[in-house]
$ cat final-v2.pdb   # PDB, C-alpha atoms and all ligand atoms
ATOM      1  CA  MET A  88      -0.131 -11.340 -23.356
ATOM      2  CA  MET A  89       1.048  -7.952 -22.193
ATOM      3  CA  THR A  90       3.695  -7.906 -19.464
ATOM      4  CA  PRO A  91       2.073  -6.972 -16.168
ATOM      5  CA  LEU A  92       3.315  -3.765 -14.560
ATOM      6  CA  LEU A  93       4.228  -5.719 -11.457
ATOM      7  CA  SER A  94       4.648  -9.416 -10.970
ATOM      8  CA  ILE A  95       5.631 -10.882  -7.638
ATOM      9  CA  SER A  96       6.331 -14.588  -7.817
ATOM     10  CA  GLY A  97       7.232 -17.114  -5.154
ATOM     11  CA  LEU A  98       8.255 -14.453  -2.673
ATOM     12  CA  SER A  99       9.310 -15.934   0.650
ATOM     13  CA  ALA A 100      10.834 -14.179   3.644
ATOM     14  CA  ILE A 101      11.880 -15.079   7.157
ATOM     15  CA  SER A 102      12.361 -13.157  10.377
ATOM     16  CA  LEU A 103      15.880 -13.126  11.775
ATOM     17  CA  ARG A 104      14.374 -11.674  14.939
ATOM     18  CA  GLU A 105      12.196 -14.737  15.524
ATOM     19  CA  ARG A 106      14.824 -17.407  14.710
ATOM     20  CA  GLY A 107      13.934 -17.742  11.030
ATOM     21  CA  ALA A 108      10.160 -17.827  11.424
ATOM     22  CA  PRO A 109       8.471 -17.523   8.021
ATOM     23  CA  ILE A 110       6.933 -14.118   7.310
ATOM     24  CA  LEU A 111       6.040 -14.621   3.637
ATOM     25  CA  ARG A 112       5.343 -18.035   2.118
ATOM     26  CA  ASP A 113       5.563 -18.348  -1.639
ATOM     27  CA  VAL A 114       3.552 -15.183  -2.312
ATOM     28  CA  SER A 115       2.604 -14.454  -5.913
ATOM     29  CA  LEU A 116       0.523 -11.620  -7.261
ATOM     30  CA  SER A 117       0.464  -9.449 -10.315
ATOM     31  CA  LEU A 118      -0.806  -6.049 -11.200
ATOM     32  CA  ALA A 119      -1.776  -4.581 -14.564
ATOM     33  CA  ARG A 120      -1.247  -0.923 -15.392
ATOM     34  CA  GLY A 121      -3.916   1.177 -13.701
ATOM     35  CA  GLU A 122      -5.156  -1.698 -11.523
ATOM     36  CA  VAL A 123      -6.022  -1.193  -7.855
ATOM     37  CA  ARG A 124      -5.238  -4.311  -5.831
ATOM     38  CA  GLY A 125      -6.176  -4.653  -2.193
ATOM     39  CA  LEU A 126      -3.709  -6.506  -0.014
ATOM     40  CA  VAL A 127      -5.801  -7.590   2.913
ATOM     41  CA  GLY A 128      -5.273  -9.580   6.073
ATOM     42  CA  GLU A 129      -5.143  -9.231   9.802
ATOM     43  CA  SER A 130      -2.219  -7.805  11.728
ATOM     44  CA  GLY A 131       0.941  -9.854  11.175
ATOM     45  CA  ALA A 132      -0.286 -11.365   7.871
ATOM     46  CA  GLY A 133       2.732  -9.947   6.040
ATOM     47  CA  LYS A 134       1.084  -7.045   4.186
ATOM     48  CA  SER A 135       3.643  -4.416   5.149
ATOM     49  CA  THR A 136       6.487  -6.841   4.484
ATOM     50  CA  ILE A 137       5.310  -7.158   0.873
ATOM     51  CA  ALA A 138       5.000  -3.366   0.609
ATOM     52  CA  LYS A 139       8.472  -2.852   2.072
ATOM     53  CA  ALA A 140      10.049  -5.503  -0.143
ATOM     54  CA  LEU A 141       8.564  -3.699  -3.123
ATOM     55  CA  LEU A 142       9.960  -0.360  -1.980
ATOM     56  CA  GLY A 143      13.331  -1.790  -0.979
ATOM     57  CA  ILE A 144      12.918  -0.726   2.647
ATOM     58  CA  LEU A 145      12.885  -4.076   4.451
ATOM     59  CA  PRO A 146      14.526  -3.950   7.895
ATOM     60  CA  GLY A 147      17.797  -5.838   8.297
ATOM     61  CA  THR A 148      16.017  -8.402  10.464
ATOM     62  CA  VAL A 149      13.841  -9.581   7.550
ATOM     63  CA  LYS A 150      15.470 -11.752   4.908
ATOM     64  CA  VAL A 151      14.027 -12.587   1.492
ATOM     65  CA  THR A 152      14.803 -16.265   0.897
ATOM     66  CA  ALA A 153      13.196 -16.811  -2.506
ATOM     67  CA  GLY A 154      11.216 -15.172  -5.247
ATOM     68  CA  GLU A 155      11.166 -12.288  -7.665
ATOM     69  CA  ILE A 156       9.547  -8.877  -7.787
ATOM     70  CA  ARG A 157       9.396  -7.944 -11.441
ATOM     71  CA  PHE A 158       8.540  -4.349 -12.276
ATOM     72  CA  GLU A 159       8.041  -3.847 -16.016
ATOM     73  CA  GLY A 160       9.757  -7.193 -16.429
ATOM     74  CA  ARG A 161      12.890  -6.479 -14.382
ATOM     75  CA  ASP A 162      13.562  -7.995 -10.958
ATOM     76  CA  LEU A 163      13.799  -5.263  -8.328
ATOM     77  CA  LEU A 164      15.582  -7.634  -5.960
ATOM     78  CA  THR A 165      18.568  -8.226  -8.220
ATOM     79  CA  MET A 166      18.859  -5.143 -10.429
ATOM     80  CA  PRO A 167      21.838  -2.798  -9.951
ATOM     81  CA  GLN A 168      21.437  -0.295  -7.078
ATOM     82  CA  LYS A 169      21.650   2.610  -9.493
ATOM     83  CA  ASP A 170      18.658   1.391 -11.532
ATOM     84  CA  PHE A 171      16.739   0.572  -8.365
ATOM     85  CA  ARG A 172      17.225   4.087  -6.976
ATOM     86  CA  ALA A 173      16.031   5.583 -10.252
ATOM     87  CA  ILE A 174      12.761   3.660  -9.987
ATOM     88  CA  MET A 175      12.051   4.226  -6.289
ATOM     89  CA  GLY A 176      10.122   7.378  -5.486
ATOM     90  CA  SER A 177       9.814   8.032  -9.179
ATOM     91  CA  ASP A 178       8.063   5.088 -10.870
ATOM     92  CA  ILE A 179       7.037   3.559  -7.539
ATOM     93  CA  ALA A 180       5.883   5.830  -4.722
ATOM     94  CA  LEU A 181       4.562   5.341  -1.205
ATOM     95  CA  ILE A 182       1.609   6.791   0.668
ATOM     96  CA  PRO A 183       2.638   5.992   4.243
ATOM     97  CA  GLN A 184       0.509   4.865   7.148
ATOM     98  CA  ASP A 185       1.383   7.886   9.263
ATOM     99  CA  PRO A 186       2.033  11.193   7.461
ATOM    100  CA  GLN A 187       3.281  12.668  10.747
ATOM    101  CA  THR A 188       6.399  10.546  10.762
ATOM    102  CA  ALA A 189       6.873  10.681   6.985
ATOM    103  CA  LEU A 190       7.137  14.470   6.821
ATOM    104  CA  ASN A 191      10.224  16.287   8.064
ATOM    105  CA  PRO A 192       9.032  18.448  11.003
ATOM    106  CA  GLY A 193      11.759  21.044  10.435
ATOM    107  CA  ARG A 194      11.039  21.892   6.802
ATOM    108  CA  ARG A 195       8.225  23.819   5.148
ATOM    109  CA  ILE A 196       5.790  21.910   2.913
ATOM    110  CA  GLU A 197       7.096  23.774  -0.136
ATOM    111  CA  ALA A 198      10.604  22.379   0.308
ATOM    112  CA  GLN A 199       9.292  18.865   0.849
ATOM    113  CA  LEU A 200       6.965  18.929  -2.156
ATOM    114  CA  THR A 201       9.451  20.490  -4.561
ATOM    115  CA  ASP A 202      12.594  18.449  -3.735
ATOM    116  CA  GLY A 203      11.616  15.546  -5.991
ATOM    117  CA  LEU A 204      10.460  17.814  -8.801
ATOM    118  CA  ARG A 205      13.755  19.693  -8.768
ATOM    119  CA  LEU A 206      16.165  16.828  -8.160
ATOM    120  CA  ARG A 207      14.440  14.139 -10.198
ATOM    121  CA  ARG A 208      12.575  16.093 -12.843
ATOM    122  CA  GLY A 209      15.081  18.911 -13.219
ATOM    123  CA  MET A 210      12.534  21.682 -12.642
ATOM    124  CA  ASP A 211      13.715  25.113 -11.544
ATOM    125  CA  ALA A 212      12.368  26.587  -8.275
ATOM    126  CA  LYS A 213       9.619  28.571  -9.989
ATOM    127  CA  ASN A 214       8.245  25.693 -12.062
ATOM    128  CA  ALA A 215       8.474  23.288  -9.127
ATOM    129  CA  ARG A 216       6.502  25.735  -6.972
ATOM    130  CA  GLU A 217       3.820  26.075  -9.673
ATOM    131  CA  ARG A 218       3.568  22.328  -9.940
ATOM    132  CA  ALA A 219       3.358  21.967  -6.137
ATOM    133  CA  LEU A 220       0.498  24.493  -6.071
ATOM    134  CA  SER A 221      -1.439  22.616  -8.736
ATOM    135  CA  LEU A 222      -0.843  19.304  -6.926
ATOM    136  CA  LEU A 223      -2.215  20.792  -3.699
ATOM    137  CA  ALA A 224      -5.292  22.011  -5.581
ATOM    138  CA  GLU A 225      -5.692  18.536  -7.036
ATOM    139  CA  VAL A 226      -5.875  17.010  -3.553
ATOM    140  CA  HIS A 227      -8.528  19.623  -2.662
ATOM    141  CA  ILE A 228      -6.437  21.872  -0.452
ATOM    142  CA  ARG A 229      -8.200  25.221  -0.526
ATOM    143  CA  ASP A 230      -5.399  27.627   0.359
ATOM    144  CA  PRO A 231      -2.337  26.092  -1.280
ATOM    145  CA  GLU A 232      -0.249  29.274  -0.942
ATOM    146  CA  ARG A 233      -0.581  29.224   2.843
ATOM    147  CA  VAL A 234      -0.005  25.469   3.036
ATOM    148  CA  LEU A 235       3.253  25.720   1.053
ATOM    149  CA  LYS A 236       4.604  28.078   3.718
ATOM    150  CA  ALA A 237       3.457  25.910   6.631
ATOM    151  CA  TYR A 238       5.408  23.437   8.730
ATOM    152  CA  PRO A 239       3.834  19.975   9.173
ATOM    153  CA  HIS A 240       2.804  20.599  12.824
ATOM    154  CA  GLU A 241       0.662  23.557  11.723
ATOM    155  CA  LEU A 242      -1.581  21.245   9.687
ATOM    156  CA  SER A 243      -4.195  18.651  10.622
ATOM    157  CA  GLY A 244      -3.608  14.927  10.136
ATOM    158  CA  GLY A 245      -5.995  14.911   7.172
ATOM    159  CA  MET A 246      -4.145  17.829   5.544
ATOM    160  CA  ARG A 247      -0.807  16.116   6.070
ATOM    161  CA  GLN A 248      -2.102  12.946   4.432
ATOM    162  CA  ARG A 249      -3.400  14.997   1.465
ATOM    163  CA  ILE A 250       0.113  16.395   1.129
ATOM    164  CA  MET A 251       1.600  12.887   1.203
ATOM    165  CA  ILE A 252      -0.830  11.903  -1.556
ATOM    166  CA  ALA A 253       0.158  14.972  -3.605
ATOM    167  CA  SER A 254       3.795  14.061  -3.018
ATOM    168  CA  ALA A 255       3.299  10.403  -3.988
ATOM    169  CA  PHE A 256       1.659  11.382  -7.288
ATOM    170  CA  SER A 257       3.989  14.330  -7.963
ATOM    171  CA  LEU A 258       6.434  12.480 -10.204
ATOM    172  CA  GLU A 259       3.662  10.623 -12.108
ATOM    173  CA  PRO A 260       4.546   7.175 -10.753
ATOM    174  CA  LYS A 261       3.288   4.026 -12.451
ATOM    175  CA  LEU A 262       2.639   2.366  -9.106
ATOM    176  CA  VAL A 263       1.603   3.814  -5.766
ATOM    177  CA  VAL A 264       1.804   1.676  -2.632
ATOM    178  CA  ALA A 265      -0.560   2.820   0.110
ATOM    179  CA  ASP A 266       0.046   1.030   3.429
ATOM    180  CA  GLU A 267      -3.037   1.470   5.628
ATOM    181  CA  PRO A 268      -3.073   5.170   4.704
ATOM    182  CA  THR A 269      -6.059   6.080   6.864
ATOM    183  CA  THR A 270      -5.396   4.312  10.174
ATOM    184  CA  ALA A 271      -3.870   7.419  11.780
ATOM    185  CA  LEU A 272      -6.926   9.542  10.875
ATOM    186  CA  ASP A 273     -10.401  10.305  12.251
ATOM    187  CA  VAL A 274     -13.201   8.171  10.830
ATOM    188  CA  THR A 275     -14.827  11.087   8.967
ATOM    189  CA  VAL A 276     -11.528  12.029   7.331
ATOM    190  CA  GLN A 277     -10.784   8.394   6.418
ATOM    191  CA  LYS A 278     -13.605   8.281   3.860
ATOM    192  CA  GLN A 279     -12.471  11.498   2.168
ATOM    193  CA  ILE A 280      -8.898  10.247   1.948
ATOM    194  CA  LEU A 281      -9.985   6.915   0.444
ATOM    195  CA  ARG A 282     -12.084   8.719  -2.157
ATOM    196  CA  LEU A 283      -9.186  11.060  -2.887
ATOM    197  CA  ILE A 284      -6.709   8.210  -3.469
ATOM    198  CA  ARG A 285      -9.153   6.474  -5.807
ATOM    199  CA  GLY A 286      -9.826   9.793  -7.581
ATOM    200  CA  MET A 287      -6.118  10.521  -8.071
ATOM    201  CA  GLN A 288      -5.541   6.947  -9.219
ATOM    202  CA  GLU A 289      -8.274   7.272 -11.843
ATOM    203  CA  ALA A 290      -7.181  10.714 -13.021
ATOM    204  CA  HIS A 291      -3.570   9.615 -13.460
ATOM    205  CA  GLY A 292      -4.167   6.005 -14.531
ATOM    206  CA  THR A 293      -1.851   4.839 -11.758
ATOM    207  CA  ALA A 294      -1.760   1.279 -10.451
ATOM    208  CA  VAL A 295      -2.188   1.048  -6.686
ATOM    209  CA  ILE A 296      -1.421  -1.598  -4.091
ATOM    210  CA  PHE A 297      -3.741  -0.767  -1.268
ATOM    211  CA  VAL A 298      -2.849  -2.381   2.057
ATOM    212  CA  THR A 299      -5.708  -2.671   4.511
ATOM    213  CA  HIS A 300      -7.225  -4.952   7.133
ATOM    214  CA  ASP A 301     -10.715  -3.832   6.113
ATOM    215  CA  LEU A 302     -12.671  -5.816   3.508
ATOM    216  CA  GLY A 303     -15.213  -2.980   3.429
ATOM    217  CA  VAL A 304     -12.512  -0.679   2.064
ATOM    218  CA  VAL A 305     -11.516  -3.319  -0.489
ATOM    219  CA  ALA A 306     -15.141  -3.584  -1.642
ATOM    220  CA  LYS A 307     -15.264   0.186  -2.171
ATOM    221  CA  ILE A 308     -12.020   0.944  -3.953
ATOM    222  CA  CYS A 309     -10.178  -2.175  -5.150
ATOM    223  CA  ASP A 310     -10.534  -3.875  -8.556
ATOM    224  CA  THR A 311      -8.785  -7.008  -7.339
ATOM    225  CA  VAL A 312      -7.885  -8.421  -3.968
ATOM    226  CA  THR A 313      -5.268 -10.724  -2.464
ATOM    227  CA  LEU A 314      -6.104 -12.103   0.966
ATOM    228  CA  LEU A 315      -3.202 -13.150   3.184
ATOM    229  CA  TYR A 316      -2.947 -15.132   6.369
ATOM    230  CA  GLY A 317       0.316 -16.014   8.076
ATOM    231  CA  GLY A 318       2.294 -14.737   5.080
ATOM    232  CA  LYS A 319       0.430 -16.969   2.639
ATOM    233  CA  VAL A 320      -2.020 -16.070  -0.119
ATOM    234  CA  ILE A 321      -5.349 -17.582   0.911
ATOM    235  CA  GLU A 322      -7.526 -16.311  -1.898
ATOM    236  CA  ALA A 323      -7.147 -13.890  -4.798
ATOM    237  CA  GLY A 324      -9.138 -12.546  -7.706
ATOM    238  CA  PRO A 325     -11.414  -9.759  -8.896
ATOM    239  CA  THR A 326     -12.979  -8.086  -5.832
ATOM    240  CA  ALA A 327     -16.559  -8.706  -6.948
ATOM    241  CA  ALA A 328     -15.901 -12.417  -7.559
ATOM    242  CA  VAL A 329     -14.052 -12.961  -4.278
ATOM    243  CA  LEU A 330     -16.644 -11.125  -2.192
ATOM    244  CA  SER A 331     -19.691 -12.651  -3.874
ATOM    245  CA  HIS A 332     -18.295 -16.188  -4.223
ATOM    246  CA  PRO A 333     -15.594 -16.635  -1.580
ATOM    247  CA  ARG A 334     -13.980 -20.059  -1.931
ATOM    248  CA  HIS A 335     -12.008 -20.312   1.270
ATOM    249  CA  ALA A 336     -13.664 -20.760   4.679
ATOM    250  CA  TYR A 337     -11.483 -17.935   6.045
ATOM    251  CA  THR A 338     -12.707 -15.490   3.376
ATOM    252  CA  ARG A 339     -16.295 -16.474   4.115
ATOM    253  CA  ALA A 340     -15.726 -16.018   7.843
ATOM    254  CA  LEU A 341     -14.186 -12.569   7.348
ATOM    255  CA  ILE A 342     -17.104 -11.458   5.202
ATOM    256  CA  ALA A 343     -19.532 -12.696   7.862
ATOM    257  CA  ALA A 344     -17.516 -10.966  10.573
ATOM    258  CA  GLY A 345     -18.061  -7.566   8.990
ATOM    259  CA  PRO A 346     -15.624  -4.761   8.316
ATOM    260  CA  ARG A 347     -14.141  -4.650  11.812
ATOM    261  CA  TYR A 348     -13.210  -8.296  12.177
ATOM    262  CA  ASP A 349      -9.961  -7.152  13.777
ATOM    263  CA  ARG A 350     -11.925  -5.844  16.747
ATOM    264  CA  PRO A 351     -13.715  -8.715  18.497
ATOM    265  CA  ASP A 352     -15.801  -6.262  20.536
ATOM    266  CA  ALA A 353     -17.306  -4.760  17.373
ATOM    267  CA  GLY A 354     -17.593  -7.944  15.311
ATOM    268  CA  LEU A 355     -20.798  -9.626  14.249
ATOM    269  CA  GLU A 356     -19.552 -13.192  13.793
ATOM    270  CA  PRO A 357     -16.059 -13.921  15.061
ATOM    271  CA  VAL A 358     -13.928 -16.140  12.835
ATOM    272  CA  PRO A 359     -14.598 -19.699  14.138
ATOM    273  CA  GLN A 360     -11.735 -21.590  15.777
ATOM    274  CA  ALA A 361     -12.186 -24.388  13.235
ATOM    275  CA  VAL A 362     -11.231 -21.957  10.453
ATOM    276  CA  PHE A 363      -8.024 -20.971  12.241
ATOM    277  CA  ASP A 364      -7.256 -24.668  12.748
ATOM    278  CA  GLN A 365      -7.720 -25.205   9.005
ATOM    279  CA  LEU A 366      -5.437 -22.222   8.255
ATOM    280  CA  GLN A 367      -2.738 -23.550  10.563
ATOM    281  CA  ALA A 368      -2.907 -26.945   8.840
ATOM    282  CA  GLU A 369      -2.592 -25.267   5.432
ATOM    283  CA  LEU A 370       0.409 -23.200   6.531
ATOM    284  CA  ALA A 371       2.146 -26.457   7.397
ATOM    285  CA  MET A 372       1.529 -27.931   3.933
ATOM    286  CA  PRO A 373       4.498 -27.870   1.570
ATOM    287  CA  PHE A 374       2.393 -27.162  -1.527
ATOM    288  CA  SER A 375       0.212 -24.198  -2.312
ATOM    289  CA  SER A 376      -3.485 -24.408  -1.524
ATOM    290  CA  GLU A 377      -4.319 -20.902  -2.721
ATOM    291  CA  MET A 378      -7.830 -20.286  -4.035
ATOM    292  CA  ASN A 379      -7.439 -18.245  -7.179
ATOM    293  CA  HIS A 380     -10.376 -16.840  -9.100
ATOM    294  CA  GLY A 381      -8.038 -16.378 -12.067
TER
HETATM  295  N1  LIG B 401      11.414  -5.487  11.818
HETATM  296  C1  LIG B 401      11.089  -6.790  11.780
HETATM  297  N2  LIG B 401      12.035  -7.735  11.916
HETATM  298  C2  LIG B 401      11.724  -9.034  11.873
HETATM  299  N3  LIG B 401      10.487  -9.506  11.691
HETATM  300  C3  LIG B 401       9.494  -8.619  11.563
HETATM  301  C4  LIG B 401       9.739  -7.219  11.578
HETATM  302  N4  LIG B 401       8.556  -6.582  11.405
HETATM  303  C5  LIG B 401       7.632  -7.539  11.300
HETATM  304  N5  LIG B 401       8.182  -8.770  11.369
HETATM  305  C6  LIG B 401       7.500 -10.057  11.284
HETATM  306  O1  LIG B 401       6.740 -10.078  10.091
HETATM  307  C7  LIG B 401       5.408 -10.484  10.362
HETATM  308  C8  LIG B 401       4.497  -9.765   9.404
HETATM  309  O2  LIG B 401       4.554  -8.379   9.716
HETATM  310  P1  LIG B 401       3.920  -7.283   8.767
HETATM  311  O3  LIG B 401       4.356  -7.517   7.369
HETATM  312  O4  LIG B 401       4.216  -5.970   9.382
HETATM  313  O5  LIG B 401       2.371  -7.624   8.898
HETATM  314  P2  LIG B 401       1.093  -6.717   8.578
HETATM  315  O6  LIG B 401       1.532  -5.490   7.868
HETATM  316  O7  LIG B 401       0.209  -7.602   7.754
HETATM  317  O8  LIG B 401       0.463  -6.428   9.915
HETATM  318  C9  LIG B 401       5.183 -10.157  11.817
HETATM  319  O9  LIG B 401       4.288 -11.040  12.414
HETATM  320  C10 LIG B 401       6.559 -10.287  12.430
HETATM  321  O10 LIG B 401       6.741 -11.606  12.883
HETATM  322 MG    MG B 402       1.309  -3.448   8.365
END

$ encode --input "final-v2.pdb" --output "structure tokens"
Amino acid sequence: MMTPLLSISGLSAISLRERGAPILRDVSLSLARGEVRGLVGESGAGKSTIAKALLGILPGTVKVTAGEIRFEGRDLLTMPQKDFRAIMGSDIALIPQDPQTALNPGRRIEAQLTDGLRLRRGMDAKNARERALSLLAEVHIRDPERVLKAYPHELSGGMRQRIMIASAFSLEPKLVVADEPTTALDVTVQKQILRLIRGMQEAHGTAVIFVTHDLGVVAKICDTVTLLYGGKVIEAGPTAAVLSHPRHAYTRALIAAGPRYDRPDAGLEPVPQAVFDQLQAELAMPFSSEMNHG
């Protein structure tokens, strides 16, 4: 069997803020080259913690207590700092939740898009600028020359997120992690951004971990899905199989609740209390009860 691009196994983490409360419980998932995996769950499920562990940006108050994160066979958690830094931003890139805070407000887009190309790909200023222009065209920015000269505050939220996408793909990463990349945007723009990420992913053959709380988004753009609750994998498998034949009561309840299950006011069928009781009981079990579609 071919080595997966990414293989997380037995990852556990605790919160030092909440007296050692578990945040991740024995999480395993793997990703083939070019695969798009949805990481789905409600707020607090541990989605961002997995993303941050992968990117090496966990806060000091979160401690990994067990597990491995193998990227092309090598454990990111234990490899030398030097090797880790060479991979981050280059082979693994992030599309952040909020482009506003990810961009430096005091620097023009050109500087921010060309830094990586110059420092990490050794391009000269002219070549880096050319590449930045073609990246902006690729994310459907109509007047790339003007945008290169702009400061972030002169651009809309949707434009800024397109720039973050261009930036994430600029060094031809093997894996892009997108952590709820549309939550800061208007609903109409959200759809365009989702389509753009999927389009870029397909054009470049990049694997993507797509963090979301929305099963509707998973249905649209993810090949596979891992559903989390309380830091534990509840169900995982190919998206079509999980959505058409959900095995866990929680998965079934989320599907019945519709895309906005996180908003009780908008929901169709709220997740029944009995399902939460079952989840709580499972979190307390020492062995894994994960439903895996293989
Ligand atoms: N900076 C932090 N320090 C300690 N614990 C944290 C921190 N951020 C989040 N946590 C804990 O991790 C849990 C999972 O958070 P997170 O991974 O952000 O969930 P999600 O992205 O699924 O909403 C939270 O419920 C919280 O208890
Ligand atoms: Mg999060």

$ residues_near_ligand --input "final-v2.pdb" --ligand "ligand LIG 401 (chain B)" --cutoff "9 Å" --atoms "only C-alpha atoms and all ligand atoms" --output "PyMOL selection string"
chain A and resi 100-105+107-111+126-139+145-150+266-267+298-300+315-318

$ resolve_selection --input "final-v2.pdb" --expression "the PyMOL selection byres (((chain A and resi 226) around 9) and not hetatm)" --output "JSON, numbers by chain"
{"A": [221, 222, 223, 224, 225, 227, 228, 249, 250, 252, 253, 283, 284, 287]}

$ atom_distance --input "final-v2.pdb" --atom1 "atom CA of Arg229 of chain A" --atom2 "atom CA of Leu200 of chain A"
16.5 Å

$ resolve_selection --input "final-v2.pdb" --expression "the PyMOL selection byres (((chain A and resi 285) around 12) and not hetatm)" --output "MDAnalysis selection string"
chainID A and resid 121:124 226 252 256 263 265 278:284 286:297 304:305 307:310

$ resolve_selection --input "final-v2.pdb" --expression "the PyMOL selection byres (((chain A and resi 117) around 9) and not hetatm)" --output "JSON, numbers by chain"
{"A": [91, 92, 93, 94, 95, 96, 115, 116, 118, 119, 124]}

$ write_last_selection --input "final-v2.pdb" --atoms "C-alpha atoms" --output "PDB file, in the frame of the given file"
ATOM      1  CA  PRO A  91       2.073  -6.972 -16.168  1.00  0.00           C
ATOM      2  CA  LEU A  92       3.315  -3.765 -14.560  1.00  0.00           C
ATOM      3  CA  LEU A  93       4.228  -5.719 -11.457  1.00  0.00           C
ATOM      4  CA  SER A  94       4.648  -9.416 -10.970  1.00  0.00           C
ATOM      5  CA  ILE A  95       5.631 -10.882  -7.638  1.00  0.00           C
ATOM      6  CA  SER A  96       6.331 -14.588  -7.817  1.00  0.00           C
ATOM      7  CA  SER A 115       2.604 -14.454  -5.913  1.00  0.00           C
ATOM      8  CA  LEU A 116       0.523 -11.620  -7.261  1.00  0.00           C
ATOM      9  CA  LEU A 118      -0.806  -6.049 -11.200  1.00  0.00           C
ATOM     10  CA  ALA A 119      -1.776  -4.581 -14.564  1.00  0.00           C
ATOM     11  CA  ARG A 124      -5.238  -4.311  -5.831  1.00  0.00           C
TER      12      ARG A 124
END

$ closest_residue --input "final-v2.pdb" --among "A:Gln248, A:Asn214, A:Thr313, A:Gln184" --to "ligand MG 402 (chain B)" --atoms "only C-alpha atoms and all ligand atoms"
A:Gln184

$ closest_residue --input "final-v2.pdb" --among "A:Ala153, A:Ile342, A:Leu220, A:Val264" --to "Leu141 of chain A" --atoms "all atoms listed in the file"
A:Val264

$ closest_residue --input "final-v2.pdb" --among "A:Gly381, A:Pro268, A:Gly160, A:Pro231" --to "ligand MG 402 (chain B)" --atoms "all atoms listed in the file"
A:Pro268

$ atom_distance --input "final-v2.pdb" --atom1 "atom CA of Gly245 of chain A" --atom2 "atom CA of Thr275 of chain A"
9.8 Å

$ decode --input "final-v2.pdb" --residues "segment 191-195 of chain A" --atoms "all heavy atoms" --output "PDB file, in the first residue's frame"
ATOM      1  N   ASN A 191      -0.994  41.299   6.994  1.00  0.00           N
ATOM      2  CA  ASN A 191      -0.356  42.404   7.709  1.00  0.00           C
ATOM      3  C   ASN A 191      -0.944  43.722   7.188  1.00  0.00           C
ATOM      4  O   ASN A 191      -0.809  44.030   6.009  1.00  0.00           O
ATOM      5  CB  ASN A 191       1.151  42.334   7.450  1.00  0.00           C
ATOM      6  CG  ASN A 191       1.919  43.440   8.148  1.00  0.00           C
ATOM      7  OD1 ASN A 191       1.367  44.500   8.462  1.00  0.00           O
ATOM      8  ND2 ASN A 191       3.193  43.200   8.392  1.00  0.00           N
ATOM      9  N   PRO A 192      -1.607  44.502   8.060  1.00  0.00           N
ATOM     10  CA  PRO A 192      -2.313  45.703   7.590  1.00  0.00           C
ATOM     11  C   PRO A 192      -1.369  46.778   7.051  1.00  0.00           C
ATOM     12  O   PRO A 192      -1.783  47.633   6.268  1.00  0.00           O
ATOM     13  CB  PRO A 192      -3.034  46.209   8.851  1.00  0.00           C
ATOM     14  CG  PRO A 192      -2.300  45.615   9.989  1.00  0.00           C
ATOM     15  CD  PRO A 192      -1.756  44.293   9.500  1.00  0.00           C
ATOM     16  N   GLY A 193      -0.091  46.712   7.427  1.00  0.00           N
ATOM     17  CA  GLY A 193       0.843  47.764   7.052  1.00  0.00           C
ATOM     18  C   GLY A 193       1.650  47.477   5.796  1.00  0.00           C
ATOM     19  O   GLY A 193       2.531  48.257   5.434  1.00  0.00           O
ATOM     20  N   ARG A 194       1.381  46.353   5.140  1.00  0.00           N
ATOM     21  CA  ARG A 194       2.179  46.024   3.950  1.00  0.00           C
ATOM     22  C   ARG A 194       1.280  45.797   2.741  1.00  0.00           C
ATOM     23  O   ARG A 194       0.203  45.217   2.855  1.00  0.00           O
ATOM     24  CB  ARG A 194       3.006  44.750   4.206  1.00  0.00           C
ATOM     25  CG  ARG A 194       4.016  44.918   5.326  1.00  0.00           C
ATOM     26  CD  ARG A 194       4.835  43.647   5.488  1.00  0.00           C
ATOM     27  NE  ARG A 194       5.834  43.487   4.450  1.00  0.00           N
ATOM     28  CZ  ARG A 194       6.220  42.307   3.946  1.00  0.00           C
ATOM     29  NH1 ARG A 194       5.658  41.199   4.372  1.00  0.00           N
ATOM     30  NH2 ARG A 194       7.150  42.253   3.021  1.00  0.00           N
ATOM     31  N   ARG A 195       1.770  46.222   1.576  1.00  0.00           N
ATOM     32  CA  ARG A 195       1.021  46.014   0.340  1.00  0.00           C
ATOM     33  C   ARG A 195       0.918  44.530   0.034  1.00  0.00           C
ATOM     34  O   ARG A 195       1.772  43.732   0.427  1.00  0.00           O
ATOM     35  CB  ARG A 195       1.729  46.713  -0.833  1.00  0.00           C
ATOM     36  CG  ARG A 195       1.759  48.214  -0.727  1.00  0.00           C
ATOM     37  CD  ARG A 195       2.446  48.809  -1.972  1.00  0.00           C
ATOM     38  NE  ARG A 195       2.885  50.173  -1.732  1.00  0.00           N
ATOM     39  CZ  ARG A 195       2.103  51.238  -1.908  1.00  0.00           C
ATOM     40  NH1 ARG A 195       0.869  51.094  -2.340  1.00  0.00           N
ATOM     41  NH2 ARG A 195       2.572  52.445  -1.663  1.00  0.00           N
TER      42      ARG A 195
END
